[in-house]
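Shown below: input.cif, with mmCIF, C-alpha atoms.
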```
data_start
#
loop_
_atom_site.label_atom_id
_atom_site.label_comp_id
_atom_site.auth_asym_id
_atom_site.auth_seq_id
_atom_site.Cartn_x
_atom_site.Cartn_y
_atom_site.Cartn_z
CA MET A 230 27.39 -38.56 57.81
CA LEU A 231 31.05 -38.06 56.97
CA ASP A 232 30.67 -40.30 53.91
CA SER A 233 28.09 -38.02 52.34
CA TYR A 234 30.14 -35.00 53.30
CA ILE A 235 33.17 -36.38 51.43
CA GLU A 236 30.88 -37.21 48.53
CA GLN A 237 29.66 -33.59 48.36
CA LEU A 238 33.19 -32.27 48.69
CA GLN A 239 33.95 -33.87 45.30
CA GLY A 240 31.45 -31.56 43.61
CA VAL A 241 32.92 -28.33 45.04
CA THR A 242 34.14 -26.04 42.25
CA THR A 243 34.86 -22.68 43.95
CA LEU A 244 36.63 -21.50 47.10
CA ASP A 245 33.32 -20.01 48.34
CA GLU A 246 31.72 -23.41 48.14
CA LEU A 247 34.71 -24.93 49.88
CA ASN A 248 34.24 -22.43 52.69
CA ASP A 249 30.59 -23.53 53.07
CA HIS A 250 31.75 -27.13 53.22
CA VAL A 251 34.27 -26.44 55.95
CA VAL A 252 31.51 -24.69 57.93
CA ALA A 253 29.27 -27.72 57.41
CA LEU A 254 32.03 -29.96 58.76
CA ARG A 255 31.38 -28.50 62.19
CA ASP A 256 28.20 -30.55 62.37
CA ALA A 257 29.58 -33.57 60.54
CA LEU A 258 32.43 -33.80 63.05
CA ASP A 259 30.34 -32.69 66.03
CA VAL A 260 32.74 -29.97 67.20
CA GLU A 261 32.45 -26.28 68.08
CA HIS A 262 34.85 -25.01 65.41
CA VAL A 263 36.72 -26.06 62.29
CA VAL A 264 39.64 -24.18 60.75
CA TYR A 265 41.47 -24.92 57.53
CA HIS A 266 44.45 -22.70 56.72
CA SER A 267 46.78 -23.25 53.78
CA VAL A 268 50.07 -21.69 52.73
CA ASN A 269 51.33 -22.65 49.28
CA SER A 270 54.90 -22.77 48.02
CA THR A 271 54.78 -19.09 46.96
CA GLY A 272 53.46 -17.98 50.35
CA GLU A 273 49.86 -17.38 49.25
CA GLN A 274 47.33 -18.10 51.97
CA TYR A 275 43.79 -19.37 52.04
CA ALA A 276 41.59 -19.92 55.08
CA ALA A 277 38.13 -21.34 55.68
CA LEU A 278 36.92 -21.26 59.26
CA THR A 279 34.00 -21.07 61.66
CA TYR A 280 35.50 -18.67 64.24
CA SER A 281 33.58 -15.42 64.71
CA PRO A 282 34.80 -12.54 62.49
CA GLU A 283 35.45 -10.55 65.71
CA TRP A 284 37.86 -13.16 67.06
CA VAL A 285 39.64 -13.44 63.71
CA GLN A 286 39.96 -9.65 63.53
CA HIS A 287 41.24 -9.46 67.11
CA TYR A 288 43.69 -12.34 66.52
CA LEU A 289 45.12 -10.64 63.43
CA GLU A 290 45.30 -7.19 65.07
CA LYS A 291 47.18 -8.58 68.06
CA ASP A 292 49.33 -10.74 65.78
CA TYR A 293 48.59 -13.71 68.04
CA ALA A 294 50.25 -16.11 65.59
CA ARG A 295 53.47 -15.02 67.34
CA ILE A 296 52.42 -16.47 70.69
CA ASP A 297 49.74 -19.01 69.77
CA PRO A 298 51.28 -22.34 70.93
CA VAL A 299 49.25 -24.18 68.25
CA VAL A 300 50.83 -22.18 65.43
CA GLN A 301 54.27 -22.40 67.02
CA ALA A 302 54.05 -26.15 67.46
CA CYS A 303 52.37 -27.11 64.19
CA TYR A 304 54.22 -24.97 61.72
CA ARG A 305 56.54 -27.19 59.64
CA ARG A 306 55.55 -30.29 61.67
CA PHE A 307 53.51 -33.22 60.39
CA HIS A 308 52.22 -35.26 63.32
CA PRO A 309 48.68 -34.51 64.56
CA ILE A 310 48.74 -32.50 67.77
CA ASP A 311 46.30 -32.49 70.68
CA TRP A 312 46.44 -29.02 72.24
CA LYS A 313 46.84 -30.71 75.62
CA ARG A 314 50.38 -31.68 74.68
CA LEU A 315 51.40 -28.08 74.01
CA ASP A 316 53.10 -25.81 76.48
CA TRP A 317 50.48 -23.38 77.83
CA SER A 318 52.48 -22.53 80.94
CA GLY A 319 53.87 -19.15 79.82
CA LYS A 320 52.01 -16.01 80.82
CA ASN A 321 51.34 -14.94 77.21
CA ALA A 322 50.07 -18.36 76.22
CA ARG A 323 47.77 -18.55 79.28
CA ASN A 324 46.33 -15.10 78.67
CA PHE A 325 45.83 -15.95 75.03
CA MET A 326 44.01 -19.18 75.92
CA GLY A 327 41.84 -17.29 78.37
CA GLU A 328 40.78 -14.91 75.61
CA ALA A 329 40.23 -17.76 73.18
CA VAL A 330 37.95 -19.52 75.70
CA ASP A 331 36.04 -16.25 76.25
CA ASN A 332 35.54 -16.04 72.48
CA GLY A 333 33.99 -19.47 72.32
CA ILE A 334 36.88 -21.34 70.76
CA GLY A 335 36.57 -24.03 73.41
CA ASN A 336 38.93 -25.46 75.98
CA GLN A 337 40.09 -28.38 73.81
CA GLY A 338 41.59 -28.60 70.36
CA PHE A 339 43.20 -30.99 67.93
CA SER A 340 45.30 -29.84 64.95
CA VAL A 341 46.47 -31.76 61.90
CA PRO A 342 49.46 -30.24 60.09
CA ILE A 343 49.38 -31.24 56.42
CA ARG A 344 52.30 -31.48 54.07
CA GLY A 345 51.39 -31.43 50.40
CA PRO A 346 53.63 -31.61 47.34
CA SER A 347 56.42 -29.06 46.72
CA GLY A 348 56.52 -27.59 50.21
CA GLN A 349 52.80 -26.79 50.46
CA PHE A 350 51.65 -26.60 54.07
CA ALA A 351 48.22 -26.47 55.69
CA LEU A 352 46.76 -26.74 59.14
CA PHE A 353 43.39 -28.26 59.92
CA THR A 354 41.98 -27.76 63.41
CA VAL A 355 38.89 -28.78 65.34
CA SER A 356 38.09 -27.32 68.76
CA GLY A 357 35.35 -27.56 71.31
CA ASN A 358 34.27 -27.67 74.93
CA ALA A 359 34.69 -30.96 76.71
CA SER A 360 36.11 -32.55 79.81
CA ASP A 361 39.54 -34.17 79.41
CA GLU A 362 37.94 -37.63 79.47
CA LYS A 363 35.37 -36.79 76.83
CA TRP A 364 37.93 -35.13 74.61
CA ALA A 365 40.34 -38.04 74.92
CA SER A 366 37.63 -40.45 73.90
CA TYR A 367 36.56 -38.17 71.03
CA THR A 368 40.07 -37.87 69.59
CA GLN A 369 40.84 -41.56 70.09
CA LYS A 370 37.69 -42.44 68.17
CA HIS A 371 37.93 -39.82 65.41
CA THR A 372 41.61 -39.23 64.72
CA ARG A 373 41.48 -41.42 61.63
CA ASN A 374 38.51 -39.51 60.22
CA LEU A 375 40.05 -36.16 61.13
CA LEU A 376 43.22 -37.10 59.26
CA LEU A 377 41.23 -38.20 56.22
CA VAL A 378 38.90 -35.21 56.09
CA SER A 379 41.69 -32.71 56.61
CA HIS A 380 43.73 -34.17 53.76
CA PHE A 381 40.69 -34.35 51.47
CA VAL A 382 39.85 -30.69 52.13
CA ASN A 383 43.48 -29.89 51.37
CA GLN A 384 43.44 -31.90 48.14
CA LYS A 385 40.32 -30.03 47.05
CA ALA A 386 41.86 -26.66 47.93
CA LEU A 387 44.98 -27.53 45.91
CA GLU A 388 42.83 -28.64 43.00
CA LEU A 389 40.89 -25.34 43.07
CA GLU A 390 44.09 -23.36 43.32
CA ARG A 391 45.51 -25.04 40.24
CA GLY A 392 42.43 -23.87 38.32
CA THR A 393 39.73 -25.84 36.56
CA ASP A 394 41.54 -25.87 33.24
CA GLN A 395 44.36 -27.85 34.82
CA VAL A 396 42.43 -30.33 36.92
CA LYS A 397 44.60 -33.37 37.00
CA ALA A 398 42.73 -36.59 36.32
CA VAL A 399 43.30 -39.19 39.02
CA ASN A 400 46.34 -41.08 37.89
CA LEU A 401 46.61 -44.63 39.17
CA SER A 402 49.57 -46.83 38.42
CA PRO A 403 48.86 -50.19 36.71
CA ARG A 404 49.48 -52.00 40.01
CA GLU A 405 46.94 -49.86 41.89
CA THR A 406 44.45 -50.40 39.08
CA ASP A 407 45.06 -54.16 39.24
CA ALA A 408 44.48 -54.19 42.99
CA LEU A 409 41.17 -52.30 42.73
CA THR A 410 40.09 -54.40 39.75
CA MET A 411 40.52 -57.59 41.77
CA LEU A 412 38.37 -56.13 44.57
CA ALA A 413 35.78 -54.95 42.05
CA MET A 414 35.62 -58.53 40.79
CA GLY A 415 34.62 -59.60 44.26
CA TYR A 416 37.92 -61.11 45.40
CA ASN A 417 38.83 -60.72 49.04
CA ARG A 418 42.23 -59.31 49.96
CA ALA A 419 43.94 -62.67 50.34
CA GLN A 420 42.67 -63.84 46.93
CA ALA A 421 43.57 -60.54 45.29
CA ALA A 422 47.09 -60.57 46.76
CA ASP A 423 47.53 -64.18 45.69
CA SER A 424 46.36 -63.45 42.13
CA LEU A 425 48.78 -60.53 41.85
CA SER A 426 51.62 -62.50 43.48
CA ILE A 427 52.16 -59.88 46.17
CA SER A 428 51.82 -60.01 49.95
CA GLU A 429 48.66 -58.83 51.64
CA HIS A 430 50.55 -55.92 53.22
CA THR A 431 51.73 -54.79 49.81
CA LEU A 432 48.19 -55.07 48.48
CA ARG A 433 46.88 -53.08 51.45
CA VAL A 434 49.35 -50.28 50.81
CA TYR A 435 48.58 -50.17 47.07
CA ILE A 436 44.86 -49.98 47.86
CA GLU A 437 45.45 -47.35 50.56
CA SER A 438 47.47 -45.27 48.13
CA ALA A 439 44.78 -45.55 45.44
CA ARG A 440 42.07 -44.76 47.99
CA PHE A 441 43.82 -41.55 49.00
CA LYS A 442 44.33 -40.44 45.40
CA LEU A 443 40.64 -41.13 44.70
CA THR A 444 39.57 -39.15 47.81
CA ALA A 445 37.57 -42.10 49.05
CA MET A 446 36.64 -42.78 52.68
CA ASN A 447 37.10 -46.54 52.41
CA THR A 448 37.93 -49.32 50.00
CA THR A 449 34.35 -49.76 48.78
CA HIS A 450 34.17 -46.07 47.88
CA ALA A 451 37.55 -46.26 46.19
CA VAL A 452 36.37 -49.10 43.96
CA ALA A 453 33.12 -47.28 43.19
CA ARG A 454 34.93 -44.07 42.36
CA ALA A 455 37.54 -45.79 40.21
CA LEU A 456 34.71 -47.46 38.30
CA SER A 457 32.82 -44.20 37.84
CA HIS A 458 36.01 -42.48 36.61
CA GLY A 459 36.38 -45.28 34.07
CA LEU A 460 39.71 -46.34 35.57
CA LEU A 461 38.81 -50.01 35.86
CA VAL A 462 37.96 -52.27 32.98
CA ILE A 463 35.85 -55.20 34.09
CA MET B 7 67.65 -42.79 75.63
CA LEU B 8 65.35 -42.17 72.68
CA ARG B 9 64.68 -38.70 71.39
CA TYR B 10 62.21 -37.66 68.71
CA ILE B 11 63.47 -34.44 67.14
CA TYR B 12 62.36 -32.42 64.12
CA ALA B 13 65.20 -31.07 62.01
CA ASP B 14 64.46 -27.48 63.00
CA ASP B 15 65.04 -28.41 66.66
CA LEU B 16 68.36 -30.20 66.07
CA HIS B 17 70.25 -27.00 66.89
CA ARG B 18 69.24 -27.55 70.52
CA PHE B 19 71.28 -30.79 70.47
CA PRO B 20 74.47 -29.80 68.63
CA ARG B 21 76.63 -32.72 69.72
CA LEU B 22 73.93 -35.30 69.06
CA ALA B 23 73.09 -33.81 65.65
CA ARG B 24 76.66 -33.52 64.43
CA SER B 25 77.58 -37.06 65.51
CA MET B 26 74.46 -38.37 63.75
CA PHE B 27 75.43 -36.82 60.41
CA VAL B 28 79.05 -37.98 60.85
CA ASP B 29 77.92 -41.54 61.62
CA ARG B 30 75.68 -41.42 58.56
CA ALA B 31 78.72 -40.58 56.42
CA ALA B 32 80.56 -43.53 57.97
CA GLN B 33 77.70 -45.95 57.37
CA PHE B 34 76.30 -44.94 53.99
CA HIS B 35 79.46 -43.66 52.27
CA GLN B 36 82.30 -45.64 53.82
CA ARG B 37 80.70 -48.93 54.90
CA LEU B 38 77.90 -49.37 52.35
CA GLY B 39 79.38 -47.39 49.46
CA TRP B 40 76.05 -45.76 48.61
CA ASP B 41 76.05 -42.81 46.24
CA VAL B 42 75.45 -40.20 48.96
CA THR B 43 76.70 -36.61 49.13
CA LEU B 44 79.30 -35.80 51.75
CA GLN B 45 79.49 -32.24 53.03
CA ASP B 46 82.76 -30.35 53.52
CA ASP B 47 82.54 -30.94 57.26
CA GLY B 48 82.54 -34.73 56.82
CA THR B 49 78.82 -35.19 57.43
CA GLU B 50 76.25 -36.81 55.16
CA ARG B 51 73.07 -34.86 54.42
CA ASP B 52 70.65 -34.87 51.51
CA ASP B 53 67.71 -32.80 50.26
CA TYR B 54 65.28 -34.64 52.52
CA ASP B 55 67.13 -33.46 55.62
CA GLY B 56 66.17 -29.98 54.40
CA MET B 57 62.44 -30.79 54.46
CA ASN B 58 62.20 -30.73 58.23
CA PRO B 59 61.96 -34.48 58.77
CA LEU B 60 61.39 -36.07 62.16
CA TYR B 61 64.38 -38.02 63.47
CA VAL B 62 64.22 -40.83 65.98
CA ILE B 63 67.62 -40.80 67.67
CA TRP B 64 69.27 -42.98 70.27
CA GLU B 65 71.43 -40.78 72.49
CA ASP B 66 74.23 -42.45 74.43
CA SER B 67 75.33 -41.52 77.94
CA LEU B 68 77.80 -38.97 76.57
CA GLY B 69 75.13 -37.18 74.55
CA ARG B 70 76.31 -38.68 71.29
CA HIS B 71 74.49 -40.43 68.49
CA GLY B 72 74.04 -44.19 68.94
CA GLY B 73 71.63 -44.73 66.06
CA SER B 74 68.87 -42.97 64.20
CA MET B 75 66.31 -42.94 61.45
CA ARG B 76 64.36 -40.30 59.60
CA PHE B 77 60.64 -39.92 58.94
CA LEU B 78 58.71 -37.88 56.38
CA PRO B 79 54.99 -37.97 55.54
CA THR B 80 54.19 -39.54 52.17
CA THR B 81 51.67 -36.77 51.38
CA GLY B 82 54.65 -34.47 50.78
CA ASP B 83 57.86 -35.11 48.86
CA THR B 84 59.59 -38.38 49.71
CA MET B 85 62.68 -40.22 48.58
CA ILE B 86 60.68 -43.29 47.60
CA ASN B 87 58.25 -41.45 45.33
CA ASP B 88 61.03 -39.30 43.85
CA HIS B 89 63.66 -41.99 43.27
CA PHE B 90 62.47 -45.54 43.91
CA LEU B 91 59.31 -46.01 41.84
CA HIS B 92 61.08 -48.87 40.05
CA LEU B 93 61.04 -50.76 43.36
CA THR B 94 57.36 -50.17 44.16
CA ASP B 95 55.91 -51.51 40.91
CA GLY B 96 55.54 -47.89 39.82
CA VAL B 97 53.12 -47.09 42.66
CA GLU B 98 53.53 -43.61 44.13
CA ILE B 99 52.81 -44.35 47.76
CA ARG B 100 50.80 -41.50 49.27
CA SER B 101 48.62 -41.58 52.34
CA PRO B 102 48.17 -39.65 55.59
CA PHE B 103 48.54 -43.05 57.26
CA ILE B 104 51.91 -43.95 55.79
CA TRP B 105 55.20 -42.25 56.66
CA GLU B 106 58.48 -42.84 54.94
CA CYS B 107 61.43 -44.05 56.99
CA THR B 108 64.94 -43.67 55.57
CA ARG B 109 68.59 -43.45 56.70
CA PHE B 110 68.38 -46.14 59.39
CA CYS B 111 71.86 -45.71 60.81
CA LEU B 112 73.87 -47.19 63.66
CA ALA B 113 76.96 -45.66 65.25
CA PRO B 114 80.09 -47.84 64.91
CA GLY B 115 80.01 -50.45 67.67
CA ALA B 116 76.39 -49.79 68.64
CA LEU B 117 74.87 -52.51 70.85
CA PRO B 118 72.01 -54.66 69.49
CA GLN B 119 69.66 -52.97 71.97
CA VAL B 120 70.12 -49.71 70.07
CA SER B 121 68.60 -51.10 66.87
CA ALA B 122 65.76 -52.60 68.90
CA ALA B 123 65.19 -49.26 70.63
CA LEU B 124 65.04 -47.48 67.27
CA MET B 125 62.49 -49.97 65.98
CA LEU B 126 60.55 -49.38 69.17
CA GLY B 127 60.70 -45.63 68.55
CA GLY B 128 59.28 -46.17 65.07
CA MET B 129 56.49 -48.31 66.51
CA GLU B 130 55.66 -45.64 69.11
CA LEU B 131 55.39 -43.00 66.38
CA GLY B 132 53.13 -45.19 64.28
CA LEU B 133 50.81 -46.19 67.08
CA ALA B 134 50.55 -42.70 68.60
CA ASN B 135 49.77 -41.13 65.23
CA HIS B 136 47.30 -43.75 63.98
CA LEU B 137 49.51 -44.79 61.08
CA SER B 138 48.98 -48.04 59.21
CA HIS B 139 52.44 -48.51 57.69
CA SER B 140 55.86 -47.11 57.30
CA VAL B 141 57.57 -47.47 53.94
CA GLY B 142 61.34 -47.57 54.09
CA VAL B 143 64.49 -47.53 51.99
CA PHE B 144 67.25 -49.61 53.53
CA ASP B 145 70.38 -51.66 53.05
CA ALA B 146 69.08 -55.00 51.74
CA ARG B 147 71.30 -56.95 54.13
CA MET B 148 69.39 -55.47 57.07
CA VAL B 149 66.32 -57.61 56.36
CA ARG B 150 67.44 -60.51 58.52
CA ILE B 151 68.46 -58.18 61.33
CA TYR B 152 65.06 -56.48 61.31
CA ALA B 153 63.38 -59.88 61.42
CA ARG B 154 65.57 -60.97 64.34
CA LEU B 155 64.57 -57.81 66.20
CA GLY B 156 61.01 -59.01 65.95
CA TRP B 157 59.64 -56.67 63.31
CA GLY B 158 60.57 -57.55 59.76
CA PRO B 159 59.46 -55.65 56.66
CA THR B 160 57.53 -56.85 53.62
CA ILE B 161 59.90 -56.26 50.72
CA LEU B 162 58.45 -54.36 47.76
CA GLY B 163 61.59 -54.45 45.67
CA THR B 164 65.39 -54.61 45.71
CA ALA B 165 67.96 -53.09 43.38
CA GLY B 166 71.71 -53.46 43.19
CA LEU B 167 74.03 -56.16 44.42
CA GLY B 168 76.25 -56.77 47.42
CA ARG B 169 76.82 -53.83 49.69
CA GLU B 170 75.09 -51.50 47.27
CA ALA B 171 71.85 -53.51 47.35
CA THR B 172 68.95 -51.30 48.41
CA SER B 173 65.43 -52.40 49.26
CA VAL B 174 62.08 -50.71 49.69
CA GLY B 175 59.90 -52.36 52.29
CA LEU B 176 56.80 -51.94 54.40
CA TRP B 177 56.45 -52.12 58.13
CA ALA B 178 52.93 -52.57 59.48
CA PHE B 179 52.17 -50.82 62.77
CA GLU B 180 50.70 -53.61 64.87
CA PRO B 181 50.29 -53.04 68.61
CA ASP B 182 50.83 -56.76 69.23
CA LEU B 183 54.48 -56.40 68.24
CA ARG B 184 55.21 -53.66 70.75
CA PRO B 185 55.86 -55.87 73.82
CA ARG B 186 58.50 -57.85 71.92
CA LEU B 187 60.27 -54.65 70.84
CA LEU B 188 60.18 -53.35 74.41
CA SER B 189 61.80 -56.52 75.65
CA ARG B 190 64.45 -56.64 72.88
CA ALA B 191 65.29 -53.00 73.63
CA GLY B 192 65.34 -53.68 77.37
CA VAL B 193 62.95 -50.79 77.94
CA THR B 194 59.78 -50.76 80.03
CA ASP B 195 56.41 -49.55 78.78
CA GLU B 196 56.57 -46.60 81.19
CA LEU B 197 60.06 -45.53 80.13
CA SER B 198 59.20 -45.65 76.45
CA LYS B 199 56.07 -43.55 77.07
CA HIS B 200 58.13 -41.14 79.13
CA TRP B 201 60.64 -40.67 76.32
CA TYR B 202 57.78 -40.07 73.88
CA ASP B 203 56.04 -37.56 76.13
CA ARG B 204 59.31 -35.76 76.84
CA SER B 205 59.71 -35.09 73.13
CA PHE B 206 56.10 -34.41 72.19
CA GLY B 207 54.76 -32.97 75.45
CA ALA B 208 52.80 -34.84 78.09
CA PRO B 209 49.03 -34.25 78.09
CA THR B 210 47.93 -31.64 80.62
CA THR B 211 44.64 -29.93 81.35
CA ILE B 212 44.54 -26.72 79.36
CA SER B 213 41.54 -24.99 80.89
CA GLN B 214 42.97 -25.01 84.42
CA THR B 215 46.19 -23.37 83.36
CA ALA B 216 44.14 -20.85 81.40
CA ILE B 217 41.75 -20.08 84.24
CA SER B 218 44.58 -19.65 86.70
CA ALA B 219 46.01 -16.96 84.43
#
```

In structure tokens, how does this file's structure come out?
Amino acid sequence: MLDSYIEQLQGVTTLDELNDHVVALRDALDVEHVVYHSVNSTGEQYAALTYSPEWVQHYLEKDYARIDPVVQACYRRFHPIDWKRLDWSGKNARNFMGEAVDNGIGNQGFSVPIRGPSGQFALFTVSGNASDEKWASYTQKHTRNLLLVSHFVNQKALELERGTDQVKAVNLSPRETDALTMLAMGYNRAQAADSLSISEHTLRVYIESARFKLTAMNTTHAVARALSHGLLVI
Amino acid sequence: MLRYIYADDLHRFPRLARSMFVDRAAQFHQRLGWDVTLQDDGTERDDYDGMNPLYVIWEDSLGRHGGSMRFLPTTGDTMINDHFLHLTDGVEIRSPFIWECTRFCLAPGALPQVSAALMLGGMELGLANHLSHSVGVFDARMVRIYARLGWGPTILGTAGLGREATSVGLWAFEPDLRPRLLSRAGVTDELSKHWYDRSFGAPTTISQTAISA
């Protein structure tokens, strides 16, 4: 499900389409709401979200960013944050949460702060209704995917912001290309590492780095995408 | 005790923060002779300290710095991608699952347990945040010490000689290594979790606090 979502994300060419994709993520991730909010180095903002327009309007009117513990905790941070770990004990924060629950945001949330190049910052959030046990098992199981998807949405947003005339072709270093080439030739990791005279950990990190640059969910996808971009010669 | 502190919260720990930057000057400028920039107040800081990194700091019983290291996500700007590509075979290492660790520093006369505790702190960060690896820049002579602590890096490359030798290496976050780090640091599982939760917040039930509002 998420695989095909990531696949479709590649084809997105406008911010409107990106918004539709973020909305579609709600089903792909099986949550109540998804929010992506980006602030670039010049302070320009972009948001794609599933909250009701009424809640967004109300939030902005009341300037809730001032008291929202999620915003306070995530801004300028970079570790993923389960809302349970935030301080909701203050009166303002409790009232705010009460209103958020009334507006269907859900009683649980998980936010991924994203740091891009040159001081770019974005926040990706999923929220929903669940017991503590269910939510803990959801986040434990899906954190990896949430991290991946959030960064891929961010990469796409950055790409769109740069404009289509400046789309940067994926640029792999020779070592990353070598690593993917070995895998494309059918070598396993140990054989590939051996052939390149590097350790398996080094190989893993080179592949991971290439995978991220190629916006691929896993190694197989990374190899396929590198091949389709004409980056590998085999 | 271990503290995990983002740069923009350091002002809440003035003594700890100042002694950390002073000890960094002592280690990287005076002892290792690295080409680092000293500030007028005798501390060592660089551009990456200005990017709101996350520090793992050992605080001694007097509230002073015993040892520390600094983390940044590799999706943003990092020292390795900006300055050490010649040590990574030209690979720009970028991934949401890899954080950079730099400025591993010990206060003069720090006990061996302090380095073990710092390594433990790094492991806790990696495991809690679903990271696969940390990529670090460090004094090349530290390799054996890291290995003795029970968690040695895979070296990607080394430049320079003698006390100026600098390496880039990878640490894999493997839960199996955690018990050994706990024991080397002389810290129990519960205490380490407590320190982590004290910095990052312990999980609580949100809806109850909201409903009681």

TODO: Spell out the residues picked by the PyMOL selection byres ((chain A) within 8 of (chain B)) here, as a PyMOL selection string.
DONE: chain A and resi 305-309+312-318+320+323-324+326-327+336-337+343-349+361+372-373+376-377+380+401-405+428+430-431+434-435+437-438+441-442

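Of note, CA of Ala276 in chain A and CA of Ala329 in chain A are spaced 18.3 Å apart.
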
Give me, as an mmCIF file with C-alpha atoms, in the coordinates of the input, all polymer residues having an atom no more than 12 Å from range 33-49 of chain B, counting only C-alpha atoms and skipping those fewer than 4 positions away in the same chain.
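Output saved as result22.cif:
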```
data_model
loop_
_atom_site.group_PDB
_atom_site.id
_atom_site.type_symbol
_atom_site.label_atom_id
_atom_site.label_comp_id
_atom_site.auth_asym_id
_atom_site.auth_seq_id
_atom_site.Cartn_x
_atom_site.Cartn_y
_atom_site.Cartn_z
ATOM 1 C CA ALA B 23 73.090 -33.810 65.650
ATOM 2 C CA ARG B 24 76.660 -33.520 64.430
ATOM 3 C CA SER B 25 77.580 -37.060 65.510
ATOM 4 C CA MET B 26 74.460 -38.370 63.750
ATOM 5 C CA PHE B 27 75.430 -36.820 60.410
ATOM 6 C CA VAL B 28 79.050 -37.980 60.850
ATOM 7 C CA ASP B 29 77.920 -41.540 61.620
ATOM 8 C CA ASP B 53 67.710 -32.800 50.260
ATOM 9 C CA ASP B 55 67.130 -33.460 55.620
ATOM 10 C CA GLY B 73 71.630 -44.730 66.060
ATOM 11 C CA SER B 74 68.870 -42.970 64.200
ATOM 12 C CA THR B 108 64.940 -43.670 55.570
ATOM 13 C CA ARG B 109 68.590 -43.450 56.700
ATOM 14 C CA PHE B 110 68.380 -46.140 59.390
ATOM 15 C CA CYS B 111 71.860 -45.710 60.810
ATOM 16 C CA LEU B 112 73.870 -47.190 63.660
ATOM 17 C CA ALA B 113 76.960 -45.660 65.250
ATOM 18 C CA PRO B 114 80.090 -47.840 64.910
ATOM 19 C CA GLY B 115 80.010 -50.450 67.670
ATOM 20 C CA ALA B 116 76.390 -49.790 68.640
ATOM 21 C CA PHE B 144 67.250 -49.610 53.530
ATOM 22 C CA ASP B 145 70.380 -51.660 53.050
ATOM 23 C CA ALA B 146 69.080 -55.000 51.740
ATOM 24 C CA ARG B 147 71.300 -56.950 54.130
ATOM 25 C CA MET B 148 69.390 -55.470 57.070
ATOM 26 C CA GLY B 166 71.710 -53.460 43.190
ATOM 27 C CA LEU B 167 74.030 -56.160 44.420
ATOM 28 C CA GLY B 168 76.250 -56.770 47.420
ATOM 29 C CA ARG B 169 76.820 -53.830 49.690
ATOM 30 C CA GLU B 170 75.090 -51.500 47.270
ATOM 31 C CA ALA B 171 71.850 -53.510 47.350
ATOM 32 C CA THR B 172 68.950 -51.300 48.410
#
```

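When the PyMOL selection byres ((chain A and resi 333) around 10) is run on the displayed coordinates, the residues it returns are Glu261, His262, Tyr280, Ser281, Trp284, Glu328, Ala329, Val330, Asp331, Asn332, Ile334, Gly335, Asn336, Ser356, Gly357 and Asn358 of chain A.
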
I need the chosen residues saved as an mmCIF file, in the coordinates of the input, with C-alpha atoms.
```cif
data_model
loop_
_atom_site.group_PDB
_atom_site.id
_atom_site.type_symbol
_atom_site.label_atom_id
_atom_site.label_comp_id
_atom_site.auth_asym_id
_atom_site.auth_seq_id
_atom_site.Cartn_x
_atom_site.Cartn_y
_atom_site.Cartn_z
ATOM 1 C CA GLU A 261 32.450 -26.280 68.080
ATOM 2 C CA HIS A 262 34.850 -25.010 65.410
ATOM 3 C CA TYR A 280 35.500 -18.670 64.240
ATOM 4 C CA SER A 281 33.580 -15.420 64.710
ATOM 5 C CA TRP A 284 37.860 -13.160 67.060
ATOM 6 C CA GLU A 328 40.780 -14.910 75.610
ATOM 7 C CA ALA A 329 40.230 -17.760 73.180
ATOM 8 C CA VAL A 330 37.950 -19.520 75.700
ATOM 9 C CA ASP A 331 36.040 -16.250 76.250
ATOM 10 C CA ASN A 332 35.540 -16.040 72.480
ATOM 11 C CA ILE A 334 36.880 -21.340 70.760
ATOM 12 C CA GLY A 335 36.570 -24.030 73.410
ATOM 13 C CA ASN A 336 38.930 -25.460 75.980
ATOM 14 C CA SER A 356 38.090 -27.320 68.760
ATOM 15 C CA GLY A 357 35.350 -27.560 71.310
ATOM 16 C CA ASN A 358 34.270 -27.670 74.930
#
```

Box dimensions and centre (Å, one decimal) enclosing range 141-158 of chain B, axis-aligned, 4 Å extra per side, as lines of an AutoDock Vina configuration file:
```
center_x = 64.4
center_y = -54.2
center_z = 59.0
size_x = 21.7
size_y = 21.5
size_z = 22.5
```

Using the chain letters and residue numbers of this document, give as an mmCIF file with C-alpha atoms, in the coordinates of the input the residues selected by the PyMOL selection byres ((chain B and resi 119-129) around 7).
```
data_model
loop_
_atom_site.group_PDB
_atom_site.id
_atom_site.type_symbol
_atom_site.label_atom_id
_atom_site.label_comp_id
_atom_site.auth_asym_id
_atom_site.auth_seq_id
_atom_site.Cartn_x
_atom_site.Cartn_y
_atom_site.Cartn_z
ATOM 1 C CA VAL B 62 64.220 -40.830 65.980
ATOM 2 C CA TRP B 64 69.270 -42.980 70.270
ATOM 3 C CA GLY B 72 74.040 -44.190 68.940
ATOM 4 C CA GLY B 73 71.630 -44.730 66.060
ATOM 5 C CA SER B 74 68.870 -42.970 64.200
ATOM 6 C CA ALA B 116 76.390 -49.790 68.640
ATOM 7 C CA LEU B 117 74.870 -52.510 70.850
ATOM 8 C CA PRO B 118 72.010 -54.660 69.490
ATOM 9 C CA GLU B 130 55.660 -45.640 69.110
ATOM 10 C CA LEU B 131 55.390 -43.000 66.380
ATOM 11 C CA GLY B 132 53.130 -45.190 64.280
ATOM 12 C CA LEU B 133 50.810 -46.190 67.080
ATOM 13 C CA LEU B 155 64.570 -57.810 66.200
ATOM 14 C CA PHE B 179 52.170 -50.820 62.770
ATOM 15 C CA ARG B 184 55.210 -53.660 70.750
ATOM 16 C CA LEU B 187 60.270 -54.650 70.840
ATOM 17 C CA LEU B 188 60.180 -53.350 74.410
ATOM 18 C CA ARG B 190 64.450 -56.640 72.880
ATOM 19 C CA ALA B 191 65.290 -53.000 73.630
ATOM 20 C CA GLY B 192 65.340 -53.680 77.370
#
```
